[in-house]
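Source file: structure_16.txt (compact mmCIF, C-alpha atoms and all ligand atoms)
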# COMPACT_ATOMS: atom_id res chain seq x y z
CA MET A 1 16.66 26.61 -99.97
CA ASN A 2 19.68 24.52 -100.81
CA MET A 3 19.73 21.95 -103.52
CA ALA A 4 21.41 18.67 -102.78
CA ALA A 5 24.00 17.33 -105.21
CA ASP A 6 21.28 15.58 -107.23
CA GLY A 7 19.25 18.78 -107.49
CA MET A 8 16.64 17.66 -104.97
CA ALA A 9 15.51 20.24 -102.44
CA VAL A 10 16.20 19.58 -98.79
CA THR A 11 13.04 20.21 -96.79
CA VAL A 12 12.35 20.34 -93.06
CA ARG A 13 9.10 19.93 -91.15
CA GLN A 14 8.67 20.25 -87.38
CA ILE A 15 7.26 17.10 -85.76
CA GLY A 16 7.69 17.61 -82.00
CA PRO A 17 6.00 20.03 -79.60
CA THR A 18 8.78 22.62 -79.24
CA PHE A 19 11.55 20.92 -81.23
CA GLY A 20 12.26 17.95 -83.48
CA ALA A 21 11.97 17.97 -87.25
CA GLU A 22 11.87 15.57 -90.14
CA VAL A 23 14.36 16.29 -92.91
CA SER A 24 13.89 14.96 -96.41
CA GLY A 25 16.13 15.07 -99.43
CA MET A 26 19.38 15.31 -97.50
CA PRO A 27 22.11 13.47 -99.41
CA ILE A 28 23.67 10.94 -97.06
CA HIS A 29 25.76 9.02 -99.56
CA GLY A 30 28.42 10.69 -101.60
CA ASP A 31 29.23 14.35 -101.75
CA VAL A 32 27.48 17.02 -99.76
CA THR A 33 28.16 20.62 -100.64
CA PRO A 34 29.44 22.82 -97.80
CA GLU A 35 26.23 24.89 -98.19
CA ALA A 36 24.00 21.84 -97.78
CA LEU A 37 26.01 20.76 -94.75
CA MET A 38 25.79 24.19 -93.18
CA GLN A 39 22.07 24.26 -93.77
CA PHE A 40 21.74 20.84 -92.14
CA VAL A 41 23.73 21.99 -89.11
CA SER A 42 21.53 25.08 -88.86
CA PHE A 43 18.48 22.77 -88.84
CA LEU A 44 20.12 20.79 -86.04
CA HIS A 45 20.71 23.93 -84.01
CA ARG A 46 17.18 25.15 -84.61
CA TYR A 47 15.27 21.86 -84.11
CA ARG A 48 17.76 19.98 -81.89
CA VAL A 49 16.52 16.55 -83.06
CA LEU A 50 16.44 15.66 -86.78
CA VAL A 51 14.72 12.59 -88.18
CA LEU A 52 15.72 11.21 -91.59
CA PRO A 53 13.43 8.31 -92.44
CA GLY A 54 13.72 5.57 -95.00
CA LEU A 55 17.47 5.26 -95.47
CA ALA A 56 19.38 2.10 -96.24
CA LEU A 57 22.72 2.68 -94.54
CA GLN A 58 25.68 0.40 -94.19
CA PRO A 59 27.87 1.05 -91.14
CA ALA A 60 30.50 2.63 -93.44
CA ASP A 61 27.87 5.09 -94.79
CA LEU A 62 26.85 6.06 -91.28
CA VAL A 63 30.47 6.61 -90.27
CA ALA A 64 31.23 8.66 -93.41
CA PHE A 65 28.16 10.89 -92.97
CA SER A 66 28.77 11.30 -89.22
CA ARG A 67 32.39 12.34 -89.80
CA ARG A 68 31.18 15.40 -91.68
CA PHE A 69 30.24 16.83 -88.30
CA GLY A 70 33.61 16.25 -86.67
CA PRO A 71 35.81 13.52 -85.23
CA LEU A 72 33.92 10.57 -83.76
CA GLU A 73 34.25 9.07 -80.31
CA ILE A 74 35.09 5.43 -79.77
CA HIS A 75 32.65 4.29 -77.12
CA SER A 76 34.04 3.44 -73.69
CA ARG A 77 32.33 0.02 -73.93
CA PHE A 78 34.64 -1.19 -76.68
CA GLU A 79 33.13 -4.72 -76.61
CA ASN A 80 29.87 -3.28 -77.96
CA THR A 81 31.43 -1.60 -81.01
CA LEU A 82 31.52 -3.06 -84.53
CA PRO A 83 34.80 -4.95 -85.16
CA ASP A 84 35.18 -3.35 -88.62
CA HIS A 85 33.96 0.10 -87.56
CA ARG A 86 34.93 0.87 -83.99
CA GLU A 87 33.17 4.26 -84.24
CA VAL A 88 29.85 2.40 -84.33
CA PHE A 89 28.42 1.57 -80.91
CA CYS A 90 25.76 -1.15 -81.07
CA VAL A 91 22.69 -0.94 -78.87
CA GLY A 92 20.12 -3.70 -78.49
CA ASN A 93 19.87 -7.44 -77.90
CA VAL A 94 21.51 -8.81 -81.05
CA GLU A 95 24.77 -10.71 -81.17
CA ARG A 96 26.31 -11.59 -84.54
CA ASP A 97 29.55 -11.58 -86.56
CA GLY A 98 31.74 -10.89 -83.54
CA MET A 99 29.49 -8.02 -82.46
CA LYS A 100 27.50 -7.96 -79.22
CA ALA A 101 25.10 -5.06 -78.81
CA SER A 102 24.90 -3.27 -75.48
CA PHE A 103 21.70 -4.33 -73.82
CA SER A 104 20.19 -2.60 -70.86
CA ARG A 105 16.71 -3.17 -69.49
CA GLY A 106 15.15 -0.04 -70.84
CA VAL A 107 14.26 1.68 -67.62
CA GLU A 108 13.91 5.39 -68.26
CA GLN A 109 17.30 6.94 -67.81
CA TRP A 110 17.43 10.50 -69.15
CA HIS A 111 20.86 11.64 -70.22
CA ALA A 112 22.99 13.27 -72.88
CA ASP A 113 25.68 11.06 -74.38
CA SER A 114 29.14 10.79 -72.84
CA SER A 115 28.58 13.44 -70.16
CA TYR A 116 31.22 11.56 -68.14
CA ARG A 117 33.90 12.70 -70.57
CA GLU A 118 35.70 15.91 -69.78
CA VAL A 119 34.58 17.24 -73.15
CA PRO A 120 31.26 15.50 -73.79
CA SER A 121 29.86 14.68 -77.20
CA ASP A 122 28.31 17.41 -79.33
CA ALA A 123 25.85 15.22 -81.20
CA SER A 124 24.87 11.61 -81.76
CA LEU A 125 23.50 9.80 -84.79
CA PHE A 126 21.33 6.74 -84.22
CA TYR A 127 20.29 4.36 -86.98
CA GLY A 128 17.57 1.73 -86.76
CA GLU A 129 19.07 -1.45 -88.27
CA VAL A 130 16.66 -3.94 -86.65
CA VAL A 131 13.65 -2.45 -84.92
CA PRO A 132 11.02 -4.31 -82.91
CA PRO A 133 7.41 -4.10 -84.15
CA GLU A 134 6.43 -2.44 -80.87
CA GLY A 135 8.30 -0.79 -78.01
CA GLY A 136 11.90 0.34 -77.99
CA ASP A 137 10.98 3.95 -78.74
CA THR A 138 13.55 6.64 -78.00
CA LEU A 139 12.26 9.63 -76.05
CA PHE A 140 13.73 13.09 -76.31
CA CYS A 141 13.10 16.07 -74.09
CA ASP A 142 13.73 19.65 -75.04
CA ALA A 143 16.14 20.65 -72.29
CA THR A 144 16.38 24.11 -73.87
CA ALA A 145 12.63 24.91 -73.85
CA ALA A 146 12.39 23.31 -70.39
CA TYR A 147 15.08 25.62 -69.01
CA ARG A 148 13.32 28.65 -70.51
CA ALA A 149 10.03 27.60 -68.92
CA LEU A 150 11.45 27.53 -65.38
CA ASP A 151 10.48 30.38 -63.07
CA ALA A 152 13.07 33.09 -62.58
CA ALA A 153 13.87 32.09 -59.00
CA THR A 154 14.69 28.51 -60.03
CA ARG A 155 16.77 29.67 -62.98
CA GLN A 156 18.69 31.93 -60.63
CA ARG A 157 19.14 29.10 -58.14
CA ILE A 158 20.61 26.69 -60.67
CA ASP A 159 22.61 28.98 -62.99
CA GLY A 160 26.26 28.54 -62.10
CA LEU A 161 25.83 25.21 -60.25
CA HIS A 162 27.95 22.23 -61.23
CA ALA A 163 27.23 18.52 -61.08
CA ILE A 164 29.73 15.69 -60.79
CA HIS A 165 29.22 13.14 -63.60
CA SER A 166 30.72 9.76 -62.89
CA LEU A 167 30.86 6.46 -64.76
CA GLU A 168 31.08 4.74 -61.38
CA THR A 169 27.70 6.25 -60.45
CA LEU A 170 26.32 4.99 -63.76
CA ARG A 171 27.85 1.56 -63.18
CA LEU A 172 26.13 1.27 -59.79
CA TRP A 173 22.86 2.44 -61.34
CA GLY A 174 23.29 -0.18 -64.07
CA LEU A 175 23.91 -2.94 -61.54
CA ARG A 176 20.75 -2.03 -59.64
CA HIS A 177 18.70 -2.35 -62.84
CA ASN A 178 20.65 -5.22 -64.46
CA PRO A 179 21.79 -7.30 -61.47
CA ASP A 180 22.68 -10.22 -63.74
CA ARG A 181 25.25 -8.23 -65.64
CA SER A 182 28.91 -8.53 -64.74
CA GLY A 183 31.01 -5.64 -63.57
CA ALA A 184 32.64 -5.43 -66.99
CA VAL A 185 32.71 -1.65 -66.94
CA ASP A 186 35.06 -1.39 -63.95
CA ARG A 187 38.00 -0.65 -66.21
CA GLN A 188 36.27 2.42 -67.68
CA ALA A 189 35.59 3.92 -64.30
CA THR A 190 39.34 4.32 -63.86
CA GLU A 191 39.83 5.47 -67.46
CA PHE A 192 37.18 8.16 -67.00
CA PRO A 193 37.45 9.72 -63.57
CA PRO A 194 34.50 11.86 -62.34
CA VAL A 195 34.12 15.19 -64.13
CA ARG A 196 32.44 18.45 -63.25
CA GLN A 197 29.84 19.76 -65.70
CA PRO A 198 27.62 22.83 -65.53
CA LEU A 199 24.04 22.05 -64.49
CA VAL A 200 22.89 24.71 -66.93
CA ARG A 201 24.91 24.65 -70.09
CA VAL A 202 25.20 27.29 -72.78
CA HIS A 203 25.11 26.12 -76.37
CA PRO A 204 28.23 27.46 -78.04
CA ALA A 205 26.53 28.02 -81.40
CA THR A 206 23.10 29.32 -80.40
CA GLY A 207 23.86 30.81 -76.98
CA ALA A 208 20.75 29.05 -75.62
CA LYS A 209 20.85 27.69 -72.09
CA SER A 210 19.63 24.19 -71.34
CA LEU A 211 19.31 21.80 -68.43
CA TYR A 212 22.20 19.35 -68.25
CA VAL A 213 20.64 16.81 -65.95
CA CYS A 214 21.61 13.13 -66.20
CA PRO A 215 20.30 11.62 -62.96
CA ALA A 216 21.89 8.17 -63.32
CA VAL A 217 25.32 9.62 -64.08
CA ILE A 218 25.42 12.48 -61.57
CA SER A 219 26.80 11.51 -58.16
CA HIS A 220 25.85 14.87 -56.65
CA ILE A 221 25.65 18.59 -57.22
CA GLU A 222 28.78 20.28 -56.04
CA GLY A 223 28.47 21.88 -52.62
CA MET A 224 25.11 20.27 -51.84
CA ALA A 225 24.12 17.60 -49.35
CA PRO A 226 23.13 14.32 -51.08
CA ASP A 227 19.41 14.68 -50.19
CA GLU A 228 19.18 18.25 -51.39
CA SER A 229 21.07 17.38 -54.54
CA ALA A 230 18.81 14.39 -55.33
CA ALA A 231 15.66 16.44 -54.67
CA LEU A 232 16.79 19.21 -57.02
CA LEU A 233 17.69 16.72 -59.78
CA ASP A 234 14.34 14.94 -59.35
CA MET A 235 12.48 18.22 -59.61
CA LEU A 236 14.39 19.36 -62.70
CA ILE A 237 14.04 16.07 -64.55
CA ALA A 238 10.32 15.85 -63.73
CA HIS A 239 9.89 19.35 -65.15
CA ALA A 240 12.00 18.73 -68.28
CA THR A 241 10.30 15.44 -69.13
CA HIS A 242 6.77 16.77 -68.91
CA PRO A 243 4.94 15.71 -72.12
CA ARG A 244 4.92 19.28 -73.38
CA PHE A 245 8.70 19.04 -73.82
CA VAL A 246 8.88 15.43 -75.07
CA TYR A 247 9.12 13.95 -78.55
CA ARG A 248 8.81 10.14 -78.73
CA HIS A 249 10.44 8.53 -81.73
CA CYS A 250 8.77 5.27 -82.77
CA TRP A 251 11.38 3.59 -84.95
CA GLN A 252 10.98 2.24 -88.46
CA GLN A 253 13.82 0.24 -89.94
CA GLY A 254 16.05 2.65 -91.88
CA ASP A 255 15.39 5.73 -89.73
CA LEU A 256 18.37 7.90 -88.87
CA VAL A 257 17.95 10.31 -85.98
CA MET A 258 20.54 12.92 -85.12
CA TRP A 259 20.36 14.90 -81.90
CA ASP A 260 22.26 17.74 -80.34
CA ASN A 261 23.59 16.52 -76.99
CA ARG A 262 24.14 20.15 -75.99
CA ALA A 263 20.43 20.99 -76.19
CA VAL A 264 18.31 17.89 -75.51
CA LEU A 265 18.21 14.85 -73.23
CA HIS A 266 17.07 11.39 -74.29
CA THR A 267 16.24 7.97 -72.96
CA ALA A 268 15.55 4.47 -74.24
CA SER A 269 12.28 2.72 -73.41
CA LEU A 270 11.28 -0.89 -72.86
CA PHE A 271 10.65 -3.49 -75.50
CA ASP A 272 9.86 -7.18 -75.21
CA HIS A 273 13.42 -8.44 -75.54
CA ALA A 274 12.38 -12.09 -75.14
CA ARG A 275 10.20 -11.84 -78.28
CA TYR A 276 11.81 -9.21 -80.44
CA GLN A 277 15.17 -8.16 -81.76
CA ARG A 278 16.51 -4.63 -81.71
CA LEU A 279 19.79 -3.41 -83.15
CA MET A 280 20.71 0.24 -83.34
CA TYR A 281 23.95 1.75 -84.61
CA ARG A 282 25.19 4.86 -82.86
CA THR A 283 27.96 7.21 -83.87
CA THR A 284 28.98 9.95 -81.51
CA VAL A 285 30.43 13.26 -82.66
CA ALA A 286 33.14 14.27 -80.21
CA GLY A 287 32.91 17.59 -78.42
CA ASN A 288 35.13 20.12 -80.08
CA ALA A 289 35.04 22.84 -77.49
CA PRO A 290 36.54 22.86 -73.99
CA ALA A 291 34.09 22.55 -71.10
CA LEU A 292 31.90 25.60 -70.97
CA ALA A 293 32.69 28.61 -68.89
CA ASP A 294 30.69 29.15 -65.70
C1 LIG A 301 22.16 5.60 -76.66
C2 LIG A 301 20.77 5.67 -76.18
C3 LIG A 301 18.50 5.07 -76.65
C4 LIG A 301 17.76 3.92 -77.21
O1 LIG A 301 22.54 4.62 -77.30
O2 LIG A 301 22.90 6.57 -76.42
O3 LIG A 301 20.50 6.45 -75.32
O4 LIG A 301 16.57 4.10 -77.53
N1 LIG A 301 19.88 4.88 -76.76
O5 LIG A 301 18.32 2.83 -77.32
MN MN A 302 22.25 7.87 -75.12

This entry written out as structure tokens:
Amino acid sequence: MNMAADGMAVTVRQIGPTFGAEVSGMPIHGDVTPEALMQFVSFLHRYRVLVLPGLALQPADLVAFSRRFGPLEIHSRFENTLPDHREVFCVGNVERDGMKASFSRGVEQWHADSSYREVPSDASLFYGEVVPPEGGDTLFCDATAAYRALDAATRQRIDGLHAIHSLETLRLWGLRHNPDRSGAVDRQATEFPPVRQPLVRVHPATGAKSLYVCPAVISHIEGMAPDESAALLDMLIAHATHPRFVYRHCWQQGDLVMWDNRAVLHTASLFDHARYQRLMYRTTVAGNAPALAD
């Protein structure tokens, strides 16, 4: 076991059904030894979702810690980033100090972050700055265990398929669920043209296959009629989000959760936005590998 800079042991404890772990003692502020960082990354690869409770992070701390994992994306919805830290994407219903969080009525929308980029994000870090007393949980599904649990015929059917991920598809989905919102994302649809992603992706570090299914972002599966494509996506997402593959994170202020976008899917859930405030800070570690081979 590695010792953090202050001599405290870093410990890990599984909290989800097939994945997900709580990590304690990880130094977030200040120096982290390369060994401690490597150990942390190995925890991420093994557990796919890591929960670090009880932190008191400033945006600059979150950015500095996140950068240890690689360059950070600037979110395509620039208006929802922090003016002083553009790497921080704000999610919720809070507006203050020139910052307006991105608010979406939390209909379940399973996805991995930035799948519409040619090289999607490797990992995201999500910090609970203001959390509602109830609701607003984040749900994760173990897309790796879910793939493994498919029958051989289905695995054979979907291995090698590709899906088209499109911000325009997501924009139309968003308008259906948030009809009062303007079409402010039009610009991004031209900045990020549709991209082709494998439906089953291989994790470059672990070699594990996982389901890469983002129903609201995928316009269709390549070479398939729209009905057939939608039916296959429905079936796969229903399978992957069965409770036996799901970890629900109920937020406490000061929680930091890091997930591996190459191994899990996640979704927001509803909260009473008329009564409560929610503000989450997200940093997004850019993908550092070219799109995966077929
Ligand atoms: C995100 C996201 C989930 C949530 O910001 O990428 O999916 O619970 N958020 O707000
Ligand atoms: Mn997300």

Straight-line distance linking atom CA of Thr284 of chain A with atom CA of Pro194 of chain A, stated in Å to one decimal: 20.0 Å

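Nearest residue to His177 of chain A, choosing from A:Phe245, A:Pro120, A:Leu199, A:Ser104 and counting all atoms listed in the file: A:Ser104.
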
Counting all atoms listed in the file, what is within 8 Å of Leu55 of chain A, bar same-chain residues fewer than 3 positions away, as a count of residues only? 4

Mind listing as an MDAnalysis selection string all residues within 8 Å of (21.1, 16.9, -74.9), counting only C-alpha atoms? chainID A and resid 111:113 142:143 212 259:266

Between atom CA of Val130 of chain A and atom CA of Gln277 of chain A, what distance in Å does the model show, to one decimal? 6.6 Å

Would you mind listing the residues within 7 Å of ligand LIG 301 (chain A), counting all atoms listed in the file, as a PyMOL selection string? chain A and resi 91-92+113+136-138+266-269+280+282

Quick one: of A:Leu50, A:Val200, A:Cys214, A:Ile158, who's nearest to ligand MN 302 (chain A), counting only C-alpha atoms and all ligand atoms? A:Cys214

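For the residues A:Val51, A:Ser66, A:Ala60, A:Val107, ranking by smallest atom-to-atom distance to Leu82 of chain A using all atoms listed in the file places A:Ala60 first.
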
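Between atom CA of Asp234 of chain A and atom CA of Thr190 of chain A lies a distance of 27.5 Å.
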
Select, from A:Arg196, A:Arg278, A:Lys100, A:Arg105, the residue with the minimum atom-to-atom distance to Val88 of chain A, counting all atoms listed in the file. A:Lys100

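Each of A:His75, A:His29, A:Lys209, A:His45 was checked against ligand MN 302 (chain A) using all atoms listed in the file; the smallest atom-to-atom distance is that of A:His75.
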
Thr81 of chain A surroundings by all atoms listed in the file, 7 Å radius, close-in-sequence under 5 positions cut, as an NGL selection string: :A and (86-90 or 99)

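You can rank A:Phe140, A:Tyr116, A:Phe43, A:Tyr127 by their closest distance to Pro243 of chain A using all atoms listed in the file, and at the top of that list sits A:Phe140.
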
Neighbour residues at most 10 Å from (11.4, 24.7, -84.9) (all atoms listed in the file) as a count of residues only: 17
